[in-house]
Every structure is written in C-alpha cells, then in structure tokens.
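So this one's data_31.cif, mmCIF, C-alpha atoms, pLDDT in the B column; chains and numbers go by the auth columns:
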data_query
loop_
_atom_site.group_PDB
_atom_site.id
_atom_site.type_symbol
_atom_site.label_atom_id
_atom_site.label_comp_id
_atom_site.label_asym_id
_atom_site.label_seq_id
_atom_site.Cartn_x
_atom_site.Cartn_y
_atom_site.Cartn_z
_atom_site.B_iso_or_equiv
_atom_site.auth_seq_id
_atom_site.auth_asym_id
ATOM 1 C CA MET A 1 -40.867 6.044 -61.156 61.00 1087 A
ATOM 2 C CA SER A 2 -43.028 8.955 -62.315 70.00 1088 A
ATOM 3 C CA LEU A 3 -43.026 12.319 -60.561 64.00 1089 A
ATOM 4 C CA ALA A 4 -46.697 11.803 -59.676 64.00 1090 A
ATOM 5 C CA GLY A 5 -45.905 8.380 -58.229 69.00 1091 A
ATOM 6 C CA LEU A 6 -43.037 9.726 -56.129 72.00 1092 A
ATOM 7 C CA SER A 7 -45.175 12.625 -54.922 76.00 1093 A
ATOM 8 C CA GLY A 8 -48.022 10.274 -54.000 76.00 1094 A
ATOM 9 C CA LEU A 9 -45.687 7.940 -52.127 80.00 1095 A
ATOM 10 C CA ILE A 10 -44.111 10.759 -50.118 81.00 1096 A
ATOM 11 C CA ARG A 11 -47.561 12.145 -49.322 81.00 1097 A
ATOM 12 C CA SER A 12 -48.734 8.762 -48.055 75.00 1098 A
ATOM 13 C CA LEU A 13 -45.611 8.193 -45.974 84.00 1099 A
ATOM 14 C CA LEU A 14 -45.967 11.591 -44.324 85.00 1100 A
ATOM 15 C CA ILE A 15 -49.666 11.135 -43.582 79.00 1101 A
ATOM 16 C CA TYR A 16 -49.644 7.518 -42.449 82.00 1102 A
ATOM 17 C CA ARG A 17 -46.163 6.997 -41.013 86.00 1103 A
ATOM 18 C CA GLY A 18 -44.933 10.470 -40.155 83.00 1104 A
ATOM 19 C CA HIS A 19 -46.820 11.105 -36.912 85.00 1105 A
ATOM 20 C CA PRO A 20 -45.617 9.271 -33.763 89.00 1106 A
ATOM 21 C CA LEU A 21 -48.671 10.360 -31.755 91.00 1107 A
ATOM 22 C CA ARG A 22 -50.963 8.865 -34.390 92.00 1108 A
ATOM 23 C CA ALA A 23 -48.992 5.606 -34.231 93.00 1109 A
ATOM 24 C CA ALA A 24 -49.287 5.494 -30.427 95.00 1110 A
ATOM 25 C CA ARG A 25 -53.020 6.164 -30.578 95.00 1111 A
ATOM 26 C CA MET A 26 -53.411 3.405 -33.155 96.00 1112 A
ATOM 27 C CA ARG A 27 -51.580 0.898 -30.963 96.00 1113 A
ATOM 28 C CA ARG A 28 -53.785 1.684 -27.965 96.00 1114 A
ATOM 29 C CA PHE A 29 -56.882 1.206 -30.104 96.00 1115 A
ATOM 30 C CA TYR A 30 -55.863 -2.105 -31.667 97.00 1116 A
ATOM 31 C CA ALA A 31 -54.542 -3.574 -28.406 95.00 1117 A
ATOM 32 C CA GLY A 32 -58.038 -4.868 -27.649 92.00 1118 A
ATOM 33 C CA LEU A 33 -58.142 -6.769 -30.945 95.00 1119 A
ATOM 34 C CA VAL A 34 -54.515 -7.832 -31.460 97.00 1120 A
ATOM 35 C CA GLN A 35 -52.458 -9.558 -28.767 95.00 1121 A
ATOM 36 C CA PRO A 36 -48.883 -10.906 -28.730 97.00 1122 A
ATOM 37 C CA GLY A 37 -48.767 -14.000 -30.912 97.00 1123 A
ATOM 38 C CA SER A 38 -51.846 -13.034 -32.939 98.00 1124 A
ATOM 39 C CA LEU A 39 -51.931 -13.586 -36.692 98.00 1125 A
ATOM 40 C CA CYS A 40 -53.158 -10.579 -38.670 98.00 1126 A
ATOM 41 C CA PHE A 41 -53.988 -10.234 -42.359 98.00 1127 A
ATOM 42 C CA ASP A 42 -53.477 -6.713 -43.729 98.00 1128 A
ATOM 43 C CA ILE A 43 -55.414 -6.536 -47.009 98.00 1129 A
ATOM 44 C CA GLY A 44 -54.546 -3.324 -48.803 96.00 1130 A
ATOM 45 C CA ALA A 45 -51.428 -2.625 -46.770 96.00 1131 A
ATOM 46 C CA HIS A 46 -50.614 0.674 -48.532 95.00 1132 A
ATOM 47 C CA VAL A 47 -47.432 2.006 -46.821 94.00 1133 A
ATOM 48 C CA GLY A 48 -47.637 -0.417 -43.909 95.00 1134 A
ATOM 49 C CA ASP A 49 -48.800 1.680 -40.976 96.00 1135 A
ATOM 50 C CA ARG A 50 -50.996 -1.198 -39.780 97.00 1136 A
ATOM 51 C CA ILE A 51 -48.119 -3.647 -40.298 98.00 1137 A
ATOM 52 C CA ALA A 52 -45.979 -1.526 -37.989 97.00 1138 A
ATOM 53 C CA CYS A 53 -48.808 -1.284 -35.460 97.00 1139 A
ATOM 54 C CA PHE A 54 -49.564 -5.004 -35.415 98.00 1140 A
ATOM 55 C CA ARG A 55 -45.878 -5.881 -35.128 98.00 1141 A
ATOM 56 C CA ALA A 56 -45.474 -3.438 -32.220 97.00 1142 A
ATOM 57 C CA LEU A 57 -48.294 -5.346 -30.513 98.00 1143 A
ATOM 58 C CA GLY A 58 -46.413 -8.633 -30.982 98.00 1144 A
ATOM 59 C CA ALA A 59 -48.422 -10.070 -33.871 98.00 1145 A
ATOM 60 C CA GLN A 60 -47.350 -11.905 -36.995 98.00 1146 A
ATOM 61 C CA VAL A 61 -48.568 -10.202 -40.180 98.00 1147 A
ATOM 62 C CA VAL A 62 -49.472 -11.378 -43.657 98.00 1148 A
ATOM 63 C CA ALA A 63 -49.759 -8.227 -45.775 98.00 1149 A
ATOM 64 C CA LEU A 64 -51.044 -7.814 -49.317 98.00 1150 A
ATOM 65 C CA GLU A 65 -50.589 -4.813 -51.589 98.00 1151 A
ATOM 66 C CA PRO A 66 -51.104 -4.920 -55.387 97.00 1152 A
ATOM 67 C CA GLN A 67 -49.615 -1.513 -56.301 96.00 1153 A
ATOM 68 C CA PRO A 68 -46.031 -2.106 -57.505 95.00 1154 A
ATOM 69 C CA LEU A 69 -44.503 1.056 -56.011 94.00 1155 A
ATOM 70 C CA LEU A 70 -46.180 0.554 -52.651 96.00 1156 A
ATOM 71 C CA TYR A 71 -45.187 -3.113 -52.598 97.00 1157 A
ATOM 72 C CA ARG A 72 -41.544 -2.179 -53.220 96.00 1158 A
ATOM 73 C CA THR A 73 -41.805 0.327 -50.382 96.00 1159 A
ATOM 74 C CA LEU A 74 -43.164 -2.370 -48.063 97.00 1160 A
ATOM 75 C CA ARG A 75 -40.246 -4.612 -49.024 97.00 1161 A
ATOM 76 C CA LEU A 76 -37.842 -1.849 -47.972 96.00 1162 A
ATOM 77 C CA LEU A 77 -39.667 -1.161 -44.715 96.00 1163 A
ATOM 78 C CA HIS A 78 -40.575 -4.708 -43.625 97.00 1164 A
ATOM 79 C CA GLY A 79 -38.847 -7.155 -45.948 95.00 1165 A
ATOM 80 C CA LEU A 80 -36.243 -8.210 -43.377 97.00 1166 A
ATOM 81 C CA ASP A 81 -38.800 -8.918 -40.644 97.00 1167 A
ATOM 82 C CA ARG A 82 -39.334 -12.684 -40.479 97.00 1168 A
ATOM 83 C CA GLN A 83 -42.678 -12.138 -38.748 98.00 1169 A
ATOM 84 C CA VAL A 84 -44.023 -10.273 -41.807 98.00 1170 A
ATOM 85 C CA THR A 85 -45.017 -12.061 -45.012 98.00 1171 A
ATOM 86 C CA LEU A 86 -45.584 -9.791 -48.011 98.00 1172 A
ATOM 87 C CA HIS A 87 -47.598 -10.623 -51.128 98.00 1173 A
ATOM 88 C CA GLN A 88 -47.896 -8.411 -54.196 98.00 1174 A
ATOM 89 C CA ALA A 89 -51.548 -9.193 -54.801 98.00 1175 A
ATOM 90 C CA ALA A 90 -55.093 -8.012 -54.356 98.00 1176 A
ATOM 91 C CA VAL A 91 -57.853 -10.054 -52.718 98.00 1177 A
ATOM 92 C CA GLY A 92 -61.218 -10.840 -54.237 97.00 1178 A
ATOM 93 C CA ARG A 93 -63.981 -13.352 -54.850 97.00 1179 A
ATOM 94 C CA VAL A 94 -61.830 -15.821 -56.801 97.00 1180 A
ATOM 95 C CA ALA A 95 -58.123 -16.202 -57.506 98.00 1181 A
ATOM 96 C CA GLY A 96 -56.832 -14.973 -60.843 97.00 1182 A
ATOM 97 C CA ARG A 97 -56.100 -11.578 -62.358 97.00 1183 A
ATOM 98 C CA ALA A 98 -57.940 -8.265 -62.228 97.00 1184 A
ATOM 99 C CA GLN A 99 -57.633 -4.717 -63.514 97.00 1185 A
ATOM 100 C CA LEU A 100 -56.396 -2.151 -60.979 97.00 1186 A
ATOM 101 C CA HIS A 101 -57.175 1.515 -61.636 96.00 1187 A
ATOM 102 C CA LEU A 102 -54.112 3.461 -60.448 94.00 1188 A
ATOM 103 C CA ASN A 103 -54.273 6.918 -58.893 93.00 1189 A
ATOM 104 C CA ARG A 104 -50.581 7.743 -58.637 89.00 1190 A
ATOM 105 C CA ARG A 105 -51.022 11.163 -57.022 88.00 1191 A
ATOM 106 C CA ASN A 106 -53.240 9.705 -54.296 90.00 1192 A
ATOM 107 C CA PRO A 107 -52.501 5.953 -54.144 90.00 1193 A
ATOM 108 C CA THR A 108 -54.995 5.398 -51.318 91.00 1194 A
ATOM 109 C CA LEU A 109 -57.695 5.800 -53.999 92.00 1195 A
ATOM 110 C CA SER A 110 -56.388 3.138 -56.395 95.00 1196 A
ATOM 111 C CA THR A 111 -59.136 0.558 -56.826 95.00 1197 A
ATOM 112 C CA LEU A 112 -60.294 -2.621 -58.521 95.00 1198 A
ATOM 113 C CA SER A 113 -63.880 -1.309 -58.614 93.00 1199 A
ATOM 114 C CA PRO A 114 -64.904 0.892 -61.587 92.00 1200 A
ATOM 115 C CA VAL A 115 -68.217 1.622 -59.851 90.00 1201 A
ATOM 116 C CA TRP A 116 -66.461 2.870 -56.716 90.00 1202 A
ATOM 117 C CA LYS A 117 -64.091 4.922 -58.872 91.00 1203 A
ATOM 118 C CA SER A 118 -66.948 6.655 -60.676 90.00 1204 A
ATOM 119 C CA ARG A 119 -68.781 7.472 -57.445 90.00 1205 A
ATOM 120 C CA VAL A 120 -65.692 8.863 -55.764 90.00 1206 A
ATOM 121 C CA ALA A 121 -64.760 10.876 -58.874 88.00 1207 A
ATOM 122 C CA ALA A 122 -68.235 12.460 -58.822 89.00 1208 A
ATOM 123 C CA SER A 123 -68.068 13.312 -55.113 88.00 1209 A
ATOM 124 C CA PRO A 124 -67.303 16.920 -54.085 88.00 1210 A
ATOM 125 C CA ARG A 125 -65.165 15.456 -51.282 88.00 1211 A
ATOM 126 C CA PHE A 126 -62.622 14.241 -53.844 87.00 1212 A
ATOM 127 C CA PRO A 127 -62.137 17.101 -56.327 88.00 1213 A
ATOM 128 C CA GLY A 128 -59.710 16.654 -59.178 85.00 1214 A
ATOM 129 C CA GLU A 129 -58.871 13.003 -58.572 89.00 1215 A
ATOM 130 C CA HIS A 130 -57.644 11.064 -61.605 87.00 1216 A
ATOM 131 C CA TRP A 131 -56.907 7.400 -62.256 93.00 1217 A
ATOM 132 C CA GLU A 132 -54.223 7.725 -64.895 89.00 1218 A
ATOM 133 C CA THR A 133 -53.681 4.132 -65.907 93.00 1219 A
ATOM 134 C CA GLU A 134 -54.761 0.525 -65.421 95.00 1220 A
ATOM 135 C CA ILE A 135 -52.616 -2.523 -64.729 96.00 1221 A
ATOM 136 C CA GLN A 136 -53.284 -6.219 -64.347 97.00 1222 A
ATOM 137 C CA VAL A 137 -52.626 -7.576 -60.850 97.00 1223 A
ATOM 138 C CA ALA A 138 -52.727 -10.969 -59.193 98.00 1224 A
ATOM 139 C CA VAL A 139 -55.766 -11.758 -57.036 98.00 1225 A
ATOM 140 C CA THR A 140 -56.106 -14.289 -54.223 98.00 1226 A
ATOM 141 C CA THR A 141 -58.868 -14.956 -51.694 98.00 1227 A
ATOM 142 C CA ILE A 142 -59.139 -14.921 -47.917 98.00 1228 A
ATOM 143 C CA ASP A 143 -59.926 -18.649 -47.990 98.00 1229 A
ATOM 144 C CA LEU A 144 -56.678 -19.339 -49.857 98.00 1230 A
ATOM 145 C CA LEU A 145 -54.742 -17.127 -47.440 98.00 1231 A
ATOM 146 C CA ILE A 146 -56.194 -19.100 -44.521 98.00 1232 A
ATOM 147 C CA ASP A 147 -55.226 -22.349 -46.219 98.00 1233 A
ATOM 148 C CA SER A 148 -51.648 -21.084 -46.606 98.00 1234 A
ATOM 149 C CA HIS A 149 -51.093 -19.187 -43.353 98.00 1235 A
ATOM 150 C CA GLY A 150 -53.729 -20.350 -40.878 98.00 1236 A
ATOM 151 C CA MET A 151 -56.789 -18.744 -39.352 98.00 1237 A
ATOM 152 C CA PRO A 152 -56.114 -15.054 -38.592 98.00 1238 A
ATOM 153 C CA ASP A 153 -57.142 -13.442 -35.336 98.00 1239 A
ATOM 154 C CA PHE A 154 -57.799 -10.146 -37.098 98.00 1240 A
ATOM 155 C CA VAL A 155 -58.210 -9.114 -40.749 98.00 1241 A
ATOM 156 C CA LYS A 156 -57.932 -5.488 -41.855 98.00 1242 A
ATOM 157 C CA ILE A 157 -59.607 -4.863 -45.216 97.00 1243 A
ATOM 158 C CA ASP A 158 -59.054 -1.562 -47.008 94.00 1244 A
ATOM 159 C CA ALA A 159 -59.747 -2.170 -50.672 94.00 1245 A
ATOM 160 C CA GLU A 160 -61.466 0.994 -51.967 92.00 1246 A
ATOM 161 C CA GLY A 161 -64.860 -0.399 -52.900 90.00 1247 A
ATOM 162 C CA PHE A 162 -63.859 -4.043 -53.364 94.00 1248 A
ATOM 163 C CA GLU A 163 -64.778 -5.173 -49.853 95.00 1249 A
ATOM 164 C CA SER A 164 -67.943 -7.015 -50.869 95.00 1250 A
ATOM 165 C CA GLU A 165 -66.062 -9.110 -53.443 96.00 1251 A
ATOM 166 C CA ILE A 166 -63.389 -9.870 -50.834 97.00 1252 A
ATOM 167 C CA LEU A 167 -66.003 -11.172 -48.400 97.00 1253 A
ATOM 168 C CA ASP A 168 -67.405 -13.394 -51.181 97.00 1254 A
ATOM 169 C CA GLY A 169 -64.049 -15.182 -51.060 97.00 1255 A
ATOM 170 C CA MET A 170 -64.302 -15.828 -47.308 98.00 1256 A
ATOM 171 C CA THR A 171 -66.477 -18.836 -46.475 97.00 1257 A
ATOM 172 C CA ARG A 172 -65.251 -19.256 -42.883 96.00 1258 A
ATOM 173 C CA PRO A 173 -65.868 -16.652 -40.163 97.00 1259 A
ATOM 174 C CA VAL A 174 -62.682 -15.081 -38.837 98.00 1260 A
ATOM 175 C CA PRO A 175 -62.645 -13.919 -35.194 98.00 1261 A
ATOM 176 C CA ALA A 176 -62.502 -10.195 -35.996 98.00 1262 A
ATOM 177 C CA LEU A 177 -62.081 -7.885 -38.963 98.00 1263 A
ATOM 178 C CA SER A 178 -62.454 -4.329 -40.164 98.00 1264 A
ATOM 179 C CA LEU A 179 -63.531 -2.804 -43.463 96.00 1265 A
ATOM 180 C CA GLU A 180 -63.848 0.735 -44.742 93.00 1266 A
ATOM 181 C CA TYR A 181 -67.102 2.619 -45.201 92.00 1267 A
ATOM 182 C CA LEU A 182 -67.620 5.857 -47.123 90.00 1268 A
ATOM 183 C CA PRO A 183 -70.758 7.990 -47.406 88.00 1269 A
ATOM 184 C CA GLU A 184 -70.539 7.630 -51.205 87.00 1270 A
ATOM 185 C CA THR A 185 -70.913 3.827 -50.961 87.00 1271 A
ATOM 186 C CA LEU A 186 -72.998 3.091 -47.864 89.00 1272 A
ATOM 187 C CA GLY A 187 -75.074 0.531 -49.753 89.00 1273 A
ATOM 188 C CA GLN A 188 -71.993 -1.601 -50.209 90.00 1274 A
ATOM 189 C CA ALA A 189 -71.133 -1.277 -46.517 93.00 1275 A
ATOM 190 C CA ARG A 190 -74.596 -2.571 -45.601 93.00 1276 A
ATOM 191 C CA ASP A 191 -74.157 -5.417 -48.077 95.00 1277 A
ATOM 192 C CA CYS A 192 -70.892 -6.372 -46.352 96.00 1278 A
ATOM 193 C CA LEU A 193 -72.624 -6.205 -42.984 96.00 1279 A
ATOM 194 C CA TRP A 194 -75.238 -8.772 -43.963 96.00 1280 A
ATOM 195 C CA LYS A 195 -72.673 -11.040 -45.617 97.00 1281 A
ATOM 196 C CA LEU A 196 -70.780 -11.150 -42.338 97.00 1282 A
ATOM 197 C CA ALA A 197 -73.979 -11.744 -40.356 97.00 1283 A
ATOM 198 C CA ALA A 198 -74.685 -14.764 -42.574 97.00 1284 A
ATOM 199 C CA LEU A 199 -71.244 -16.202 -41.766 97.00 1285 A
ATOM 200 C CA GLY A 200 -71.399 -15.969 -37.977 97.00 1286 A
ATOM 201 C CA PRO A 201 -72.852 -14.217 -34.897 97.00 1287 A
ATOM 202 C CA TYR A 202 -70.880 -11.013 -35.377 97.00 1288 A
ATOM 203 C CA ARG A 203 -71.320 -7.852 -33.327 97.00 1289 A
ATOM 204 C CA PHE A 204 -70.343 -4.503 -34.820 97.00 1290 A
ATOM 205 C CA ASN A 205 -68.772 -1.173 -33.984 97.00 1291 A
ATOM 206 C CA ALA A 206 -67.216 1.688 -35.944 97.00 1292 A
ATOM 207 C CA SER A 207 -64.438 4.248 -35.852 96.00 1293 A
ATOM 208 C CA ARG A 208 -64.723 7.552 -37.706 92.00 1294 A
ATOM 209 C CA GLY A 209 -61.948 8.589 -40.052 88.00 1295 A
ATOM 210 C CA GLU A 210 -58.546 7.904 -38.529 86.00 1296 A
ATOM 211 C CA ASN A 211 -59.355 8.946 -34.959 91.00 1297 A
ATOM 212 C CA PHE A 212 -59.008 5.397 -33.523 94.00 1298 A
ATOM 213 C CA ARG A 213 -61.900 5.773 -31.110 94.00 1299 A
ATOM 214 C CA TRP A 214 -64.976 3.586 -30.782 96.00 1300 A
ATOM 215 C CA MET A 215 -68.109 5.382 -31.899 94.00 1301 A
ATOM 216 C CA HIS A 216 -70.465 3.181 -29.883 95.00 1302 A
ATOM 217 C CA GLY A 217 -70.237 2.366 -26.198 94.00 1303 A
ATOM 218 C CA VAL A 218 -71.576 -1.134 -26.867 96.00 1304 A
ATOM 219 C CA TRP A 219 -71.190 -3.571 -29.748 97.00 1305 A
ATOM 220 C CA LEU A 220 -74.236 -3.477 -32.041 97.00 1306 A
ATOM 221 C CA SER A 221 -76.302 -6.175 -33.687 97.00 1307 A
ATOM 222 C CA PRO A 222 -76.307 -6.362 -37.499 96.00 1308 A
ATOM 223 C CA ALA A 223 -79.724 -4.659 -37.626 96.00 1309 A
ATOM 224 C CA GLU A 224 -78.578 -1.873 -35.291 97.00 1310 A
ATOM 225 C CA MET A 225 -75.435 -1.251 -37.321 96.00 1311 A
ATOM 226 C CA ALA A 226 -77.391 -1.308 -40.593 95.00 1312 A
ATOM 227 C CA GLU A 227 -79.738 1.347 -39.200 95.00 1313 A
ATOM 228 C CA TRP A 228 -76.772 3.422 -38.027 95.00 1314 A
ATOM 229 C CA LEU A 229 -75.302 3.270 -41.529 94.00 1315 A
ATOM 230 C CA ARG A 230 -78.640 4.247 -43.050 91.00 1316 A
ATOM 231 C CA ARG A 231 -78.713 7.389 -40.910 91.00 1317 A
ATOM 232 C CA ARG A 232 -75.211 8.596 -41.818 89.00 1318 A
ATOM 233 C CA PRO A 233 -75.296 12.307 -42.727 85.00 1319 A
ATOM 234 C CA GLU A 234 -73.854 13.517 -46.015 77.00 1320 A
ATOM 235 C CA ASP A 235 -70.934 15.179 -44.238 81.00 1321 A
ATOM 236 C CA ASP A 236 -69.855 11.971 -42.489 87.00 1322 A
ATOM 237 C CA PRO A 237 -66.167 11.543 -43.384 88.00 1323 A
ATOM 238 C CA GLY A 238 -66.377 7.764 -43.431 92.00 1324 A
ATOM 239 C CA GLY A 239 -64.240 5.420 -41.422 94.00 1325 A
ATOM 240 C CA ASP A 240 -64.017 1.733 -40.577 96.00 1326 A
ATOM 241 C CA LEU A 241 -66.565 -0.849 -39.509 97.00 1327 A
ATOM 242 C CA TYR A 242 -65.402 -3.531 -37.060 97.00 1328 A
ATOM 243 C CA ALA A 243 -66.924 -6.968 -36.683 98.00 1329 A
ATOM 244 C CA ALA A 244 -66.072 -9.451 -33.923 97.00 1330 A
ATOM 245 C CA LEU A 245 -67.406 -12.844 -32.873 97.00 1331 A
ATOM 246 C CA ASP A 246 -66.204 -12.248 -29.300 92.00 1332 A
ATOM 247 C CA PRO A 247 -66.015 -8.467 -29.009 91.00 1333 A
ATOM 248 C CA PRO A 248 -63.366 -6.934 -26.753 87.00 1334 A
ATOM 249 C CA GLY A 249 -64.163 -4.450 -24.032 81.00 1335 A
ATOM 250 C CA LEU A 250 -64.459 -0.790 -24.949 77.00 1336 A
ATOM 251 C CA GLY A 251 -62.642 0.752 -22.008 60.00 1337 A
#
This entry written out as structure tokens:
Amino acid sequence: MSLAGLSGLIRSLLIYRGHPLRAARMRRFYAGLVQPGSLCFDIGAHVGDRIACFRALGAQVVALEPQPLLYRTLRLLHGLDRQVTLHQAAVGRVAGRAQLHLNRRNPTLSTLSPVWKSRVAASPRFPGEHWETEIQVAVTTIDLLIDSHGMPDFVKIDAEGFESEILDGMTRPVPALSLEYLPETLGQARDCLWKLAALGPYRFNASRGENFRWMHGVWLSPAEMAEWLRRRPEDDPGGDLYAALDPPGLG
C-alpha cells in the first residue's frame, strides 16, 4: 500500500464514517426510501457509509466497489455480515473490463470517465488533484445485478461521471434510485434525468452536498427538475438527484 493510498483511505474513513451525528442524520433521511427487508444496491460503495446506513435500517445490501484498497476495506468492515454481498467491480453499459483512473490521495474522485476527469481537473473547486495511475477493472450492469440478486428497492449510484453509462445498462425501472450531480457536469445529469423518464413515470428531488435534506418540498416532474438543473449557480456544491416511481413523503 502506498503512502498516498493509506492517507486517502484514512481521510475517507474520517470524513464518511467518523461522525456519528452525520450517520444518524443519514439514517433519518433514508428511512423514507429504505425499509426493513428492502434490497439496496450500493454502486460505488467507497468506504461503506451507505452500507452501514442501509443495514441499520434493516435492508439487505449488494455493494460494488472497483478500487482494490477500498474493496479490501469493505471486506474488513462488512465481510462477515451475511446480509451484505460485496463485488469488486464497477457498473456500466455492458459487462466486461474498463480502465479506472485512480486518485489515491482522494479516492472519491477515482473514475472510469476521462471526460469527467478532465473537467474536474480543470475546475477551481478541485485544485491540485491528480490521477496517478490506471488499472483494469471488472464491469457488470444493473440488469445483470437484478438477474442475480432480484429487483432492488433502492439503488445508490455514485460513479464520478459514469452515471449515464450505468443507466444505459438498466432496461427495467427500479422503484427508487439516486445519482450524483456536479456543477462541472450538469449536462450529464440532465441526460440521466431523461433516460430515467424514458424508463418509467419517475418524480425527482435533490439533496445538496451531504446535508441529507430534501431541497424541494414536493417531488418534481422531469421537466421541472431539468429546469432546476439548468439554473444551478456556479457556486452550487453539487449533491445527489433522487428518482422514485412512488415517492415517499417529505416530512
């Protein structure tokens, strides 16, 4: 393990798993989407903070993480839990292999998308970020995961610019899902929005950054959410878009 890799792992563990109040806030937020007995897919599991949240809510979890060091960490943290299935793989349009650009110092920025990497590297919000190396990783699809594990109740997608390709590998609408948006790549977020709208009668909401609060008091139509994305200011920190066929209450 390199010094940069160890430093990046410790940084991620402190940020994403080192704050009990953050974990409690996350559980309250997801309780409307994930119930006891739910099946959740965690695509881009990173250090497993969503795994821990979904398990605390009584769900079964299928988690995927292509980065070798993070996958080994997930095995240590969740490998003995029979309600968690771990796969060392990415998710995309088709099954096979793909090239992962590794950012060891900041593993949350490792990506399969060279376009996303170049846009983030050019952004003043991400000064000094480097992707030191590239590795080949296994790739599966959401359709294949459904074939193997069943229809999920909720799918969390955090794939650093690869979300559109992931949705290309999902031909059946899942009940609810989330995907990341960033101001540097809002066009891709809108593309994902319309792909989901073509699959089913989804309604949409959003949460800014990691605050785990709904940004809209009602669930929006695809056109309303697309317009909201279009009007994002340059200083928007990004966050997650949520799509649901039967949206939960927002209380």
Output the residue selection produced by the PyMOL selection byres ((chain A and resi 1181) around 12) on the file above, formatted as a PDB file with C-alpha atoms, in the coordinates of the input.
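out_17.pdb was written with the following content:
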ATOM      1  CA  ALA A1175     -51.548  -9.193 -54.801  1.00 98.00           C
ATOM      2  CA  ALA A1176     -55.093  -8.012 -54.356  1.00 98.00           C
ATOM      3  CA  VAL A1177     -57.853 -10.054 -52.718  1.00 98.00           C
ATOM      4  CA  GLY A1178     -61.218 -10.840 -54.237  1.00 97.00           C
ATOM      5  CA  ARG A1179     -63.981 -13.352 -54.850  1.00 97.00           C
ATOM      6  CA  VAL A1180     -61.830 -15.821 -56.801  1.00 97.00           C
ATOM      7  CA  GLY A1182     -56.832 -14.973 -60.843  1.00 97.00           C
ATOM      8  CA  ARG A1183     -56.100 -11.578 -62.358  1.00 97.00           C
ATOM      9  CA  ALA A1184     -57.940  -8.265 -62.228  1.00 97.00           C
ATOM     10  CA  VAL A1223     -52.626  -7.576 -60.850  1.00 97.00           C
ATOM     11  CA  ALA A1224     -52.727 -10.969 -59.193  1.00 98.00           C
ATOM     12  CA  VAL A1225     -55.766 -11.758 -57.036  1.00 98.00           C
ATOM     13  CA  THR A1226     -56.106 -14.289 -54.223  1.00 98.00           C
ATOM     14  CA  THR A1227     -58.868 -14.956 -51.694  1.00 98.00           C
ATOM     15  CA  ILE A1228     -59.139 -14.921 -47.917  1.00 98.00           C
ATOM     16  CA  ASP A1229     -59.926 -18.649 -47.990  1.00 98.00           C
ATOM     17  CA  LEU A1230     -56.678 -19.339 -49.857  1.00 98.00           C
ATOM     18  CA  LEU A1231     -54.742 -17.127 -47.440  1.00 98.00           C
ATOM     19  CA  GLU A1251     -66.062  -9.110 -53.443  1.00 96.00           C
ATOM     20  CA  ILE A1252     -63.389  -9.870 -50.834  1.00 97.00           C
ATOM     21  CA  ASP A1254     -67.405 -13.394 -51.181  1.00 97.00           C
ATOM     22  CA  GLY A1255     -64.049 -15.182 -51.060  1.00 97.00           C
ATOM     23  CA  MET A1256     -64.302 -15.828 -47.308  1.00 98.00           C
TER      24      MET A1256
END
Residue by residue, what does the PyMOL selection byres ((chain A and resi 1329) around 12) grab here? Present the result as a ChimeraX atom specification.
/A:1119,1239-1243,1259-1266,1278-1283,1285-1293,1305-1308,1311,1326-1328,1330-1334
Selection result of the PyMOL selection byres ((chain A and resi 1268) around 12) on this file, as a PDB file with C-alpha atoms, in the coordinates of the input:
ATOM      1  CA  TRP A1202     -66.461   2.870 -56.716  1.00 90.00           C
ATOM      2  CA  ARG A1205     -68.781   7.472 -57.445  1.00 90.00           C
ATOM      3  CA  VAL A1206     -65.692   8.863 -55.764  1.00 90.00           C
ATOM      4  CA  SER A1209     -68.068  13.312 -55.113  1.00 88.00           C
ATOM      5  CA  ARG A1211     -65.165  15.456 -51.282  1.00 88.00           C
ATOM      6  CA  PHE A1212     -62.622  14.241 -53.844  1.00 87.00           C
ATOM      7  CA  ASP A1244     -59.054  -1.562 -47.008  1.00 94.00           C
ATOM      8  CA  ALA A1245     -59.747  -2.170 -50.672  1.00 94.00           C
ATOM      9  CA  GLU A1246     -61.466   0.994 -51.967  1.00 92.00           C
ATOM     10  CA  GLY A1247     -64.860  -0.399 -52.900  1.00 90.00           C
ATOM     11  CA  GLU A1249     -64.778  -5.173 -49.853  1.00 95.00           C
ATOM     12  CA  LEU A1265     -63.531  -2.804 -43.463  1.00 96.00           C
ATOM     13  CA  GLU A1266     -63.848   0.735 -44.742  1.00 93.00           C
ATOM     14  CA  TYR A1267     -67.102   2.619 -45.201  1.00 92.00           C
ATOM     15  CA  PRO A1269     -70.758   7.990 -47.406  1.00 88.00           C
ATOM     16  CA  GLU A1270     -70.539   7.630 -51.205  1.00 87.00           C
ATOM     17  CA  THR A1271     -70.913   3.827 -50.961  1.00 87.00           C
ATOM     18  CA  LEU A1272     -72.998   3.091 -47.864  1.00 89.00           C
ATOM     19  CA  GLY A1273     -75.074   0.531 -49.753  1.00 89.00           C
ATOM     20  CA  GLN A1274     -71.993  -1.601 -50.209  1.00 90.00           C
ATOM     21  CA  ALA A1275     -71.133  -1.277 -46.517  1.00 93.00           C
ATOM     22  CA  ARG A1276     -74.596  -2.571 -45.601  1.00 93.00           C
ATOM     23  CA  ALA A1292     -67.216   1.688 -35.944  1.00 97.00           C
ATOM     24  CA  SER A1293     -64.438   4.248 -35.852  1.00 96.00           C
ATOM     25  CA  ARG A1294     -64.723   7.552 -37.706  1.00 92.00           C
ATOM     26  CA  GLY A1295     -61.948   8.589 -40.052  1.00 88.00           C
ATOM     27  CA  LEU A1315     -75.302   3.270 -41.529  1.00 94.00           C
ATOM     28  CA  ARG A1316     -78.640   4.247 -43.050  1.00 91.00           C
ATOM     29  CA  ARG A1318     -75.211   8.596 -41.818  1.00 89.00           C
ATOM     30  CA  PRO A1319     -75.296  12.307 -42.727  1.00 85.00           C
ATOM     31  CA  GLU A1320     -73.854  13.517 -46.015  1.00 77.00           C
ATOM     32  CA  ASP A1321     -70.934  15.179 -44.238  1.00 81.00           C
ATOM     33  CA  ASP A1322     -69.855  11.971 -42.489  1.00 87.00           C
ATOM     34  CA  PRO A1323     -66.167  11.543 -43.384  1.00 88.00           C
ATOM     35  CA  GLY A1324     -66.377   7.764 -43.431  1.00 92.00           C
ATOM     36  CA  GLY A1325     -64.240   5.420 -41.422  1.00 94.00           C
ATOM     37  CA  ASP A1326     -64.017   1.733 -40.577  1.00 96.00           C
ATOM     38  CA  LEU A1327     -66.565  -0.849 -39.509  1.00 97.00           C
TER      39      LEU A1327
END
So, counting all atoms listed in the file, which residue among A:Thr1171, A:Leu1162, A:Arg1317, A:Arg1097 is closest to A:Ser1234?
A:Thr1171
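Restricting the calculation to all atoms listed in the file, the smallest distance between A:Gly1123 and any of A:Ala1110, A:Arg1136, A:Gln1146, A:Ile1221 is found for A:Gln1146.
Atom CA of A:Pro1238 is positioned 10.3 Å from atom CA of A:Val1120.
Proximity to A:Tyr1102 was assessed for A:Ala1117, A:Leu1166, A:Ala1138, A:Leu1125 counting all atoms listed in the file; the smallest distance is recorded for A:Ala1138.
The nearest approach to A:Phe1298 among the residues A:Ala1284, A:Ala1109, A:Met1237, A:Leu1188, with all atoms listed in the file taken into account, belongs to A:Ala1109.
Nearest residue to A:Ile1129 among A:Thr1257, A:Asn1192, A:Ser1088, A:Gln1174 is A:Gln1174, counting all atoms listed in the file.
Shortest atom-to-atom contact with A:Leu1195 among A:Gln1121, A:Arg1158, A:Gly1130, A:Met1112: A:Gly1130, counting all atoms listed in the file.
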